[in-house]
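start-v8.cif follows; it contains mmCIF, C-alpha atoms and all ligand atoms.
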```
data_model
loop_
_atom_site.group_PDB
_atom_site.id
_atom_site.type_symbol
_atom_site.label_atom_id
_atom_site.label_comp_id
_atom_site.auth_asym_id
_atom_site.auth_seq_id
_atom_site.Cartn_x
_atom_site.Cartn_y
_atom_site.Cartn_z
ATOM 1 C CA MET G 1 5.832 -4.168 -76.462
ATOM 2 C CA ASN G 2 3.392 -6.952 -75.771
ATOM 3 C CA PRO G 3 0.322 -5.863 -77.809
ATOM 4 C CA SER G 4 -2.126 -6.900 -75.137
ATOM 5 C CA GLN G 5 -0.082 -5.460 -72.262
ATOM 6 C CA ASN G 6 -2.196 -4.643 -69.176
ATOM 7 C CA LYS G 7 -5.320 -6.078 -70.738
ATOM 8 C CA PRO G 8 -7.509 -7.783 -71.766
ATOM 9 C CA GLN G 9 -8.135 -9.804 -68.676
ATOM 10 C CA ARG G 10 -11.779 -10.865 -68.881
ATOM 11 C CA VAL G 11 -12.930 -11.911 -72.313
ATOM 12 C CA VAL G 12 -16.220 -13.300 -73.647
ATOM 13 C CA ILE G 13 -16.027 -15.018 -77.049
ATOM 14 C CA THR G 14 -19.097 -16.089 -78.990
ATOM 15 C CA GLY G 15 -18.423 -19.156 -81.150
ATOM 16 C CA GLY G 16 -15.399 -19.844 -78.949
ATOM 17 C CA ALA G 17 -15.629 -23.634 -79.166
ATOM 18 C CA SER G 18 -14.414 -23.947 -82.756
ATOM 19 C CA GLY G 19 -12.202 -22.438 -85.450
ATOM 20 C CA ILE G 20 -11.300 -18.772 -85.101
ATOM 21 C CA GLY G 21 -13.134 -18.370 -81.777
ATOM 22 C CA LEU G 22 -11.329 -21.352 -80.273
ATOM 23 C CA ALA G 23 -7.896 -20.151 -81.439
ATOM 24 C CA THR G 24 -8.723 -16.730 -79.990
ATOM 25 C CA ALA G 25 -9.744 -18.282 -76.665
ATOM 26 C CA GLN G 26 -6.447 -20.181 -76.518
ATOM 27 C CA ALA G 27 -4.452 -17.047 -77.386
ATOM 28 C CA PHE G 28 -6.131 -15.022 -74.615
ATOM 29 C CA LEU G 29 -5.714 -17.880 -72.098
ATOM 30 C CA ASP G 30 -2.016 -18.101 -73.012
ATOM 31 C CA GLU G 31 -1.789 -14.401 -72.113
ATOM 32 C CA GLY G 32 -3.234 -15.078 -68.664
ATOM 33 C CA ALA G 33 -6.784 -13.827 -69.362
ATOM 34 C CA ARG G 34 -9.994 -15.250 -67.930
ATOM 35 C CA VAL G 35 -12.219 -16.428 -70.786
ATOM 36 C CA GLY G 36 -15.917 -17.191 -71.190
ATOM 37 C CA ILE G 37 -17.097 -19.060 -74.268
ATOM 38 C CA ILE G 38 -20.584 -19.002 -75.751
ATOM 39 C CA SER G 39 -21.387 -21.907 -78.034
ATOM 40 C CA ARG G 40 -24.548 -23.163 -79.675
ATOM 41 C CA SER G 41 -24.322 -26.888 -79.051
ATOM 42 C CA PRO G 42 -23.386 -28.595 -75.778
ATOM 43 C CA GLN G 43 -21.426 -31.168 -77.817
ATOM 44 C CA SER G 44 -19.110 -28.522 -79.368
ATOM 45 C CA LEU G 45 -18.582 -26.846 -76.032
ATOM 46 C CA ASP G 46 -17.829 -30.141 -74.319
ATOM 47 C CA LYS G 47 -15.406 -31.139 -77.068
ATOM 48 C CA ALA G 48 -13.484 -27.860 -76.736
ATOM 49 C CA LEU G 49 -13.447 -27.795 -72.919
ATOM 50 C CA HIS G 50 -12.313 -31.426 -72.700
ATOM 51 C CA GLY G 51 -9.985 -31.142 -75.710
ATOM 52 C CA PRO G 52 -7.841 -28.129 -76.605
ATOM 53 C CA LEU G 53 -8.979 -26.054 -73.623
ATOM 54 C CA SER G 54 -8.457 -28.817 -71.044
ATOM 55 C CA GLN G 55 -4.889 -27.630 -70.456
ATOM 56 C CA TYR G 56 -6.315 -24.510 -68.779
ATOM 57 C CA GLN G 57 -7.643 -26.328 -65.735
ATOM 58 C CA ASP G 58 -7.048 -23.449 -63.345
ATOM 59 C CA GLY G 59 -10.585 -22.041 -63.327
ATOM 60 C CA ARG G 60 -9.887 -19.313 -65.917
ATOM 61 C CA CYS G 61 -12.015 -20.849 -68.693
ATOM 62 C CA HIS G 62 -15.807 -21.164 -68.594
ATOM 63 C CA GLY G 63 -18.445 -22.127 -71.150
ATOM 64 C CA ILE G 64 -22.146 -21.442 -71.572
ATOM 65 C CA VAL G 65 -24.468 -22.903 -74.208
ATOM 66 C CA ALA G 66 -26.570 -20.190 -75.870
ATOM 67 C CA ASP G 67 -27.824 -19.415 -79.365
ATOM 68 C CA VAL G 68 -26.593 -15.909 -80.246
ATOM 69 C CA ALA G 69 -29.905 -15.325 -82.052
ATOM 70 C CA ASP G 70 -31.795 -15.809 -78.763
ATOM 71 C CA GLU G 71 -31.765 -12.465 -76.968
ATOM 72 C CA ALA G 72 -32.886 -13.750 -73.571
ATOM 73 C CA ALA G 73 -30.255 -16.498 -73.598
ATOM 74 C CA MET G 74 -27.569 -13.957 -74.508
ATOM 75 C CA ALA G 75 -28.651 -11.576 -71.740
ATOM 76 C CA ASN G 76 -28.403 -14.423 -69.204
ATOM 77 C CA ALA G 77 -25.029 -15.591 -70.534
ATOM 78 C CA PHE G 78 -23.436 -12.150 -70.148
ATOM 79 C CA LYS G 79 -24.852 -11.739 -66.618
ATOM 80 C CA GLU G 80 -23.447 -15.123 -65.665
ATOM 81 C CA PHE G 81 -20.040 -14.404 -67.228
ATOM 82 C CA ASP G 82 -19.801 -11.060 -65.434
ATOM 83 C CA THR G 83 -19.998 -13.006 -62.179
ATOM 84 C CA LEU G 84 -17.783 -15.929 -63.256
ATOM 85 C CA LEU G 85 -15.045 -13.736 -64.767
ATOM 86 C CA GLN G 86 -15.404 -10.948 -62.161
ATOM 87 C CA GLY G 87 -16.172 -8.383 -64.859
ATOM 88 C CA ILE G 88 -15.984 -8.246 -68.652
ATOM 89 C CA ASP G 89 -13.657 -5.881 -70.505
ATOM 90 C CA THR G 90 -13.364 -7.576 -73.899
ATOM 91 C CA VAL G 91 -15.882 -9.163 -76.263
ATOM 92 C CA VAL G 92 -15.064 -11.103 -79.426
ATOM 93 C CA ALA G 93 -18.060 -11.907 -81.647
ATOM 94 C CA SER G 94 -16.976 -14.879 -83.740
ATOM 95 C CA ALA G 95 -20.122 -17.057 -83.917
ATOM 96 C CA GLY G 96 -21.326 -17.286 -87.489
ATOM 97 C CA ILE G 97 -22.768 -19.641 -90.087
ATOM 98 C CA GLU G 98 -22.201 -19.930 -93.810
ATOM 99 C CA GLY G 99 -25.783 -20.728 -94.809
ATOM 100 C CA GLU G 100 -26.701 -22.347 -98.084
ATOM 101 C CA MET G 101 -23.819 -22.521 -100.535
ATOM 102 C CA GLY G 102 -23.905 -22.608 -104.326
ATOM 103 C CA ASN G 103 -27.514 -21.555 -104.743
ATOM 104 C CA ALA G 104 -28.562 -19.106 -107.452
ATOM 105 C CA VAL G 105 -30.830 -16.250 -106.316
ATOM 106 C CA GLN G 106 -34.019 -18.039 -107.362
ATOM 107 C CA ASP G 107 -33.082 -21.075 -105.264
ATOM 108 C CA VAL G 108 -32.175 -19.249 -102.065
ATOM 109 C CA THR G 109 -34.862 -19.801 -99.450
ATOM 110 C CA SER G 110 -36.156 -16.958 -97.275
ATOM 111 C CA LYS G 111 -35.840 -19.245 -94.277
ATOM 112 C CA ASP G 112 -32.122 -19.781 -94.795
ATOM 113 C CA PHE G 113 -31.523 -16.110 -95.675
ATOM 114 C CA LEU G 114 -33.234 -15.009 -92.462
ATOM 115 C CA ARG G 115 -31.364 -17.531 -90.307
ATOM 116 C CA VAL G 116 -27.996 -16.308 -91.652
ATOM 117 C CA LEU G 117 -28.938 -12.724 -90.794
ATOM 118 C CA GLU G 118 -30.237 -13.799 -87.356
ATOM 119 C CA VAL G 119 -26.985 -15.504 -86.413
ATOM 120 C CA ASN G 120 -24.405 -13.362 -88.218
ATOM 121 C CA VAL G 121 -25.911 -9.898 -87.690
ATOM 122 C CA LEU G 122 -28.561 -10.019 -84.948
ATOM 123 C CA GLY G 123 -26.288 -12.361 -82.966
ATOM 124 C CA VAL G 124 -23.536 -9.721 -82.955
ATOM 125 C CA PHE G 125 -26.043 -7.035 -81.967
ATOM 126 C CA HIS G 126 -27.225 -9.213 -79.041
ATOM 127 C CA ALA G 127 -23.646 -9.732 -77.877
ATOM 128 C CA VAL G 128 -22.917 -6.000 -77.965
ATOM 129 C CA LYS G 129 -26.212 -4.977 -76.355
ATOM 130 C CA HIS G 130 -25.967 -7.405 -73.460
ATOM 131 C CA ALA G 131 -22.237 -6.980 -72.877
ATOM 132 C CA LEU G 132 -22.603 -3.201 -72.790
ATOM 133 C CA PRO G 133 -23.705 -2.721 -69.144
ATOM 134 C CA PHE G 134 -20.617 -4.671 -68.037
ATOM 135 C CA LEU G 135 -18.139 -3.210 -70.562
ATOM 136 C CA ALA G 136 -19.276 0.292 -69.652
ATOM 137 C CA GLU G 137 -18.065 -0.257 -66.069
ATOM 138 C CA GLN G 138 -14.504 -0.891 -67.297
ATOM 139 C CA GLN G 139 -11.752 1.350 -68.574
ATOM 140 C CA HIS G 140 -10.346 0.563 -72.039
ATOM 141 C CA ALA G 141 -13.023 -1.969 -72.983
ATOM 142 C CA SER G 142 -13.198 -3.218 -76.549
ATOM 143 C CA ILE G 143 -15.297 -5.305 -78.908
ATOM 144 C CA THR G 144 -13.887 -7.145 -81.925
ATOM 145 C CA ILE G 145 -16.275 -8.563 -84.501
ATOM 146 C CA ILE G 146 -15.201 -11.365 -86.839
ATOM 147 C CA GLY G 147 -16.497 -10.187 -90.191
ATOM 148 C CA SER G 148 -15.226 -11.471 -93.532
ATOM 149 C CA ASP G 149 -13.677 -10.296 -96.767
ATOM 150 C CA SER G 150 -17.182 -11.170 -98.050
ATOM 151 C CA GLY G 151 -18.202 -7.810 -96.602
ATOM 152 C CA PHE G 152 -16.113 -6.238 -99.377
ATOM 153 C CA VAL G 153 -15.823 -8.780 -102.216
ATOM 154 C CA ALA G 154 -18.703 -11.168 -102.839
ATOM 155 C CA VAL G 155 -18.299 -14.938 -103.017
ATOM 156 C CA PRO G 156 -20.562 -16.457 -105.714
ATOM 157 C CA GLY G 157 -23.375 -18.637 -104.385
ATOM 158 C CA MET G 158 -23.343 -17.186 -100.852
ATOM 159 C CA LEU G 159 -25.917 -14.437 -101.149
ATOM 160 C CA ALA G 160 -27.092 -14.267 -97.536
ATOM 161 C CA TYR G 161 -23.574 -14.674 -96.159
ATOM 162 C CA ASN G 162 -22.265 -11.818 -98.327
ATOM 163 C CA ALA G 163 -25.166 -9.612 -97.217
ATOM 164 C CA SER G 164 -24.620 -10.459 -93.551
ATOM 165 C CA LYS G 165 -20.917 -9.657 -93.651
ATOM 166 C CA GLY G 166 -21.575 -6.414 -95.533
ATOM 167 C CA ALA G 167 -23.931 -5.452 -92.711
ATOM 168 C CA LEU G 168 -21.198 -6.092 -90.131
ATOM 169 C CA VAL G 169 -18.866 -3.603 -91.831
ATOM 170 C CA GLN G 170 -21.362 -0.814 -91.249
ATOM 171 C CA LEU G 171 -22.466 -2.135 -87.833
ATOM 172 C CA THR G 172 -18.823 -1.907 -86.736
ATOM 173 C CA ARG G 173 -18.620 1.708 -87.877
ATOM 174 C CA ALA G 174 -21.955 2.699 -86.338
ATOM 175 C CA LEU G 175 -21.139 1.097 -82.980
ATOM 176 C CA SER G 176 -17.607 2.473 -82.880
ATOM 177 C CA PHE G 177 -18.448 6.143 -82.518
ATOM 178 C CA GLU G 178 -21.569 5.617 -80.427
ATOM 179 C CA LEU G 179 -19.855 3.397 -77.862
ATOM 180 C CA PHE G 180 -16.580 5.333 -77.847
ATOM 181 C CA GLU G 181 -18.259 8.685 -77.254
ATOM 182 C CA ALA G 182 -20.624 7.349 -74.588
ATOM 183 C CA HIS G 183 -18.412 4.797 -72.823
ATOM 184 C CA GLY G 184 -14.853 4.835 -74.223
ATOM 185 C CA ILE G 185 -15.416 1.381 -75.772
ATOM 186 C CA ARG G 186 -13.650 0.678 -79.071
ATOM 187 C CA VAL G 187 -15.303 -1.486 -81.752
ATOM 188 C CA ASN G 188 -13.353 -2.972 -84.666
ATOM 189 C CA SER G 189 -13.676 -5.967 -86.963
ATOM 190 C CA VAL G 190 -11.305 -8.445 -88.577
ATOM 191 C CA CYS G 191 -12.353 -9.493 -92.084
ATOM 192 C CA PRO G 192 -10.511 -12.616 -93.214
ATOM 193 C CA SER G 193 -10.448 -14.359 -96.555
ATOM 194 C CA ILE G 194 -10.552 -18.144 -96.219
ATOM 195 C CA VAL G 195 -9.401 -19.486 -92.848
ATOM 196 C CA ASP G 196 -8.614 -23.163 -92.233
ATOM 197 C CA THR G 197 -11.465 -24.013 -89.824
ATOM 198 C CA PRO G 198 -14.190 -26.658 -89.611
ATOM 199 C CA MET G 199 -16.572 -24.185 -91.319
ATOM 200 C CA ALA G 200 -14.283 -23.715 -94.316
ATOM 201 C CA ARG G 201 -13.448 -27.425 -94.625
ATOM 202 C CA ARG G 202 -17.140 -28.315 -94.407
ATOM 203 C CA GLY G 203 -18.169 -25.621 -96.896
ATOM 204 C CA LEU G 204 -15.551 -26.553 -99.482
ATOM 205 C CA GLY G 205 -15.774 -30.305 -98.832
ATOM 206 C CA VAL G 206 -12.041 -30.693 -98.154
ATOM 207 C CA GLU G 207 -10.124 -32.386 -95.364
ATOM 208 C CA SER G 208 -7.197 -29.999 -95.510
ATOM 209 C CA PHE G 209 -5.918 -26.916 -97.315
ATOM 210 C CA ASP G 210 -2.404 -28.290 -97.742
ATOM 211 C CA ASP G 211 -2.712 -28.316 -101.538
ATOM 212 C CA ALA G 212 -4.779 -25.126 -101.866
ATOM 213 C CA GLU G 213 -3.826 -22.938 -104.814
ATOM 214 C CA PHE G 214 -4.684 -19.786 -102.911
ATOM 215 C CA PRO G 215 -3.397 -18.359 -99.635
ATOM 216 C CA VAL G 216 -5.183 -19.559 -96.510
ATOM 217 C CA ASN G 217 -5.278 -17.843 -93.091
ATOM 218 C CA THR G 218 -4.725 -19.968 -90.007
ATOM 219 C CA PRO G 219 -7.081 -19.447 -87.065
ATOM 220 C CA SER G 220 -4.112 -18.197 -85.062
ATOM 221 C CA ASP G 221 -3.389 -15.524 -87.721
ATOM 222 C CA ILE G 222 -6.820 -14.102 -86.928
ATOM 223 C CA ALA G 223 -6.431 -14.607 -83.177
ATOM 224 C CA GLY G 224 -3.224 -12.541 -83.281
ATOM 225 C CA THR G 225 -5.022 -9.642 -84.955
ATOM 226 C CA VAL G 226 -7.872 -9.878 -82.428
ATOM 227 C CA LEU G 227 -5.399 -9.740 -79.548
ATOM 228 C CA PHE G 228 -3.772 -6.657 -81.061
ATOM 229 C CA LEU G 229 -7.143 -4.925 -81.545
ATOM 230 C CA SER G 230 -8.156 -5.799 -77.971
ATOM 231 C CA GLY G 231 -5.010 -4.464 -76.375
ATOM 232 C CA GLU G 232 -3.865 -0.979 -75.431
ATOM 233 C CA GLY G 233 -1.292 -1.072 -78.240
ATOM 234 C CA SER G 234 -4.194 -0.317 -80.613
ATOM 235 C CA ARG G 235 -5.909 2.286 -78.406
ATOM 236 C CA ALA G 236 -6.301 4.756 -81.301
ATOM 237 C CA ILE G 237 -7.862 2.204 -83.667
ATOM 238 C CA ASN G 238 -11.658 2.381 -83.612
ATOM 239 C CA GLY G 239 -14.272 1.694 -86.295
ATOM 240 C CA ALA G 240 -11.756 -0.161 -88.462
ATOM 241 C CA ASN G 241 -12.684 -3.189 -90.589
ATOM 242 C CA ILE G 242 -9.301 -4.827 -91.031
ATOM 243 C CA LEU G 243 -8.927 -7.138 -94.012
ATOM 244 C CA SER G 244 -6.775 -10.233 -93.525
ATOM 245 C CA ASP G 245 -6.754 -11.363 -97.169
ATOM 246 C CA PHE G 246 -3.107 -11.306 -98.232
ATOM 247 C CA GLY G 247 -3.866 -8.065 -100.105
ATOM 248 C CA TYR G 248 -6.131 -9.696 -102.708
ATOM 249 C CA SER G 249 -8.904 -7.124 -102.523
ATOM 250 C CA ALA G 250 -6.377 -4.295 -102.949
ATOM 251 C CA ARG G 251 -5.548 -5.262 -106.527
ATOM 252 C CA SER G 252 -6.995 -3.490 -109.544
ATOM 253 C CA SER G 253 -8.555 -5.483 -112.403
ATOM 254 C CA PHE G 254 -6.056 -3.710 -114.716
ATOM 255 C CA PRO G 255 -3.728 -6.499 -115.903
ATOM 256 C CA ALA G 256 -0.366 -4.790 -115.333
HETATM 257 N N1 LIG O 1 -13.495 -20.012 -91.967
HETATM 258 C C1 LIG O 1 -13.448 -19.041 -92.870
HETATM 259 O O1 LIG O 1 -12.969 -19.227 -94.006
HETATM 260 C C2 LIG O 1 -13.949 -17.666 -92.499
HETATM 261 C C3 LIG O 1 -13.574 -16.591 -93.317
HETATM 262 C C4 LIG O 1 -14.032 -15.322 -92.997
HETATM 263 C C5 LIG O 1 -14.832 -15.136 -91.896
HETATM 264 N N2 LIG O 1 -15.185 -16.189 -91.118
HETATM 265 C C6 LIG O 1 -16.048 -15.936 -89.961
HETATM 266 O O2 LIG O 1 -15.387 -16.321 -88.782
HETATM 267 C C7 LIG O 1 -16.346 -16.650 -87.791
HETATM 268 C C8 LIG O 1 -15.982 -17.991 -87.179
HETATM 269 O O3 LIG O 1 -16.043 -18.978 -88.195
HETATM 270 P P1 LIG O 1 -15.176 -20.314 -88.157
HETATM 271 O O4 LIG O 1 -14.634 -20.511 -89.514
HETATM 272 O O5 LIG O 1 -14.292 -20.304 -86.988
HETATM 273 O O6 LIG O 1 -16.379 -21.375 -88.005
HETATM 274 P P2 LIG O 1 -16.593 -22.646 -87.096
HETATM 275 O O7 LIG O 1 -15.339 -23.426 -86.952
HETATM 276 O O8 LIG O 1 -17.808 -23.304 -87.652
HETATM 277 O O9 LIG O 1 -16.942 -22.023 -85.671
HETATM 278 C C9 LIG O 1 -18.098 -21.256 -85.502
HETATM 279 C C10 LIG O 1 -18.563 -21.391 -84.085
HETATM 280 O O10 LIG O 1 -19.733 -20.566 -83.934
HETATM 281 C C11 LIG O 1 -20.699 -21.313 -83.252
HETATM 282 N N3 LIG O 1 -22.041 -20.897 -83.631
HETATM 283 C C12 LIG O 1 -22.634 -20.989 -84.841
HETATM 284 N N4 LIG O 1 -23.893 -20.538 -84.784
HETATM 285 C C13 LIG O 1 -24.108 -20.174 -83.500
HETATM 286 C C14 LIG O 1 -25.218 -19.654 -82.811
HETATM 287 N N5 LIG O 1 -26.377 -19.432 -83.428
HETATM 288 N N6 LIG O 1 -25.093 -19.385 -81.487
HETATM 289 C C15 LIG O 1 -23.930 -19.632 -80.837
HETATM 290 N N7 LIG O 1 -22.832 -20.119 -81.446
HETATM 291 C C16 LIG O 1 -22.932 -20.391 -82.766
HETATM 292 C C17 LIG O 1 -20.483 -22.749 -83.655
HETATM 293 O O11 LIG O 1 -21.071 -23.588 -82.686
HETATM 294 P P3 LIG O 1 -21.413 -25.121 -83.051
HETATM 295 O O12 LIG O 1 -20.083 -25.797 -83.084
HETATM 296 O O13 LIG O 1 -22.260 -25.548 -81.904
HETATM 297 O O14 LIG O 1 -22.117 -25.117 -84.356
HETATM 298 C C18 LIG O 1 -18.964 -22.802 -83.700
HETATM 299 O O15 LIG O 1 -18.443 -23.096 -82.419
HETATM 300 C C19 LIG O 1 -17.708 -16.662 -88.493
HETATM 301 O O16 LIG O 1 -18.382 -15.455 -88.192
HETATM 302 C C20 LIG O 1 -17.340 -16.729 -89.962
HETATM 303 O O17 LIG O 1 -18.304 -16.151 -90.792
HETATM 304 C C21 LIG O 1 -14.759 -17.462 -91.384
#
```
Starting from the file, lay out its structure as structure tokens.
Amino acid sequence: MNPSQNKPQRVVITGGASGIGLATAQAFLDEGARVGIISRSPQSLDKALHGPLSQYQDGRCHGIVADVADEAAMANAFKEFDTLLQGIDTVVASAGIEGEMGNAVQDVTSKDFLRVLEVNVLGVFHAVKHALPFLAEQQHASITIIGSDSGFVAVPGMLAYNASKGALVQLTRALSFELFEAHGIRVNSVCPSIVDTPMARRGLGVESFDDAEFPVNTPSDIAGTVLFLSGEGSRAINGANILSDFGYSARSSFPA
């Protein structure tokens, strides 16, 4: 069975101009969906719309520039997408930042810590809050949050990032029962280990992961899981934080 059979049709993706969000946009468009992308910078959005997304020139793909941390901008973006897409039944919250990397606790600045929480946690809350009036009008609506394995196993030198992704694990759970009971909306998250995206290349200072000595997700690995979680084939899955980490976090420290 096609995992996204019958839906989703009208999808809003935050951070949809790059990396995981972009691969997810392409995967939904390939399935025939209408897609709205929220991106922070006009340059990124332009690059995606005139690059990889230019093959979908049939009016199914739209973009709006908004900072997910800006509540008013997010409220406007969802209103506009509801009109452009003729409804919204699926939301994917992928926008995120890595913040400062490699800093010991005493060197982490409050400003950076707060900004990571604003984008990675408050930004997801804004997406959910302002999508809700539109999702609630639909049957079988769903929200998928892009978390991280850093919600479960901490990466050294990424204090704020680890904290933000830990928060998303519990935000997913808290939203899942509230929105399912009130509106039939499912909320899940995908929590990848490293994914080959501009964020990961930038953060690790590499141009490719071809020689990596550890397993690396592709953006389309994550997009495939998002499509599954958004479709009716996963209708009983709600409140799940699904690790996509090749099983690394499942292993005991016992050396057997
Ligand atoms: N890559 C990994 O190894 C990895 C692993 C686990 C989890 N994740 C998570 O996956 C998600 C996507 O990351 P990615 O690797 O695909 O990164 P990416 O290639 O940098 O893409 C992130 C996208 O989010 C957008 N964005 C950032 N801050 C924003 C804001 N305040 N408002 C609106 N849009 C904003 C960026 O826009 P601009 O282009 O304008 O900056 C960019 O288009 C993040 O939540 C990240 O934490 C990534």
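If only C-alpha atoms and all ligand atoms are the atoms counted, then among G:His126, G:His140, G:Arg40, G:Lys47 the closest residue to ligand LIG 1 (chain O) is G:Arg40.
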> If the PyMOL selection byres (((chain G and resi 69-79) around 10) and not hetatm) is run on the structure shown, which residues does it catch, given as JSON, numbers by chain?
Replying inline: {"G": [12, 14, 36, 37, 38, 40, 63, 64, 65, 66, 67, 68, 80, 81, 82, 83, 84, 87, 88, 115, 116, 117, 118, 119, 120, 121, 122, 123, 124, 125, 126, 127, 128, 129, 130, 131, 132, 133, 134]}
> When distances are computed from all atoms listed in the file, which of G:Pro192, G:Gly96, G:Gly51, G:Pro156 shows the smallest separation from Ala223 (chain G)?
Replying inline: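 Using all atoms listed in the file, the shortest distance to Ala223 (chain G) belongs to G:Pro192.
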> Which residue out of G:Val91, G:Val190, G:Ala182, G:Ala27 has the minimum interatomic distance to ligand LIG 1 (chain O) when all atoms listed in the file are used?
Replying inline: G:Val190
> So which residues get picked by the PyMOL selection byres (((chain G and resi 56) around 12) and not hetatm) here, written as a PyMOL selection string?
Replying inline: chain G and resi 25-35+48-55+57-62
Counting all atoms listed in the file, what is within 10 Å of Ala240 (chain G), bar same-chain residues fewer than 4 positions away, as a short mmCIF file (atom, residue, chain, number, x, y, z; two decimals) with C-alpha atoms, in the frame of the given file?
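The new file around-v8.cif reads:
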```
data_model
loop_
_atom_site.label_atom_id
_atom_site.label_comp_id
_atom_site.auth_asym_id
_atom_site.auth_seq_id
_atom_site.Cartn_x
_atom_site.Cartn_y
_atom_site.Cartn_z
CA THR G 144 -13.89 -7.14 -81.92
CA VAL G 169 -18.87 -3.60 -91.83
CA THR G 172 -18.82 -1.91 -86.74
CA ARG G 173 -18.62 1.71 -87.88
CA SER G 176 -17.61 2.47 -82.88
CA ARG G 186 -13.65 0.68 -79.07
CA VAL G 187 -15.30 -1.49 -81.75
CA ASN G 188 -13.35 -2.97 -84.67
CA SER G 189 -13.68 -5.97 -86.96
CA VAL G 190 -11.30 -8.44 -88.58
CA LEU G 229 -7.14 -4.92 -81.54
#
```
Write out as a tab-separated table (two decimals) with C-alpha atoms, in the coordinates of the input which residues come within 7 Å of region 110-114 of chain G when counting all atoms listed in the file, dropping same-chain ones fewer than 6 positions away.
```tsv
chain	number	residue	atom	x	y	z
G	99	GLY	CA	-25.78	-20.73	-94.81
G	100	GLU	CA	-26.70	-22.35	-98.08
G	160	ALA	CA	-27.09	-14.27	-97.54
```
>> Using only C-alpha atoms and a cutoff of 10 Å, can you tell me which residues are near (-14.3, -10.2, -95.1) in the file's coordinates, and write them out as a ChimeraX atom specification?
In response: /G:146-154,162,165-166,168-169,189-194,241-245,249
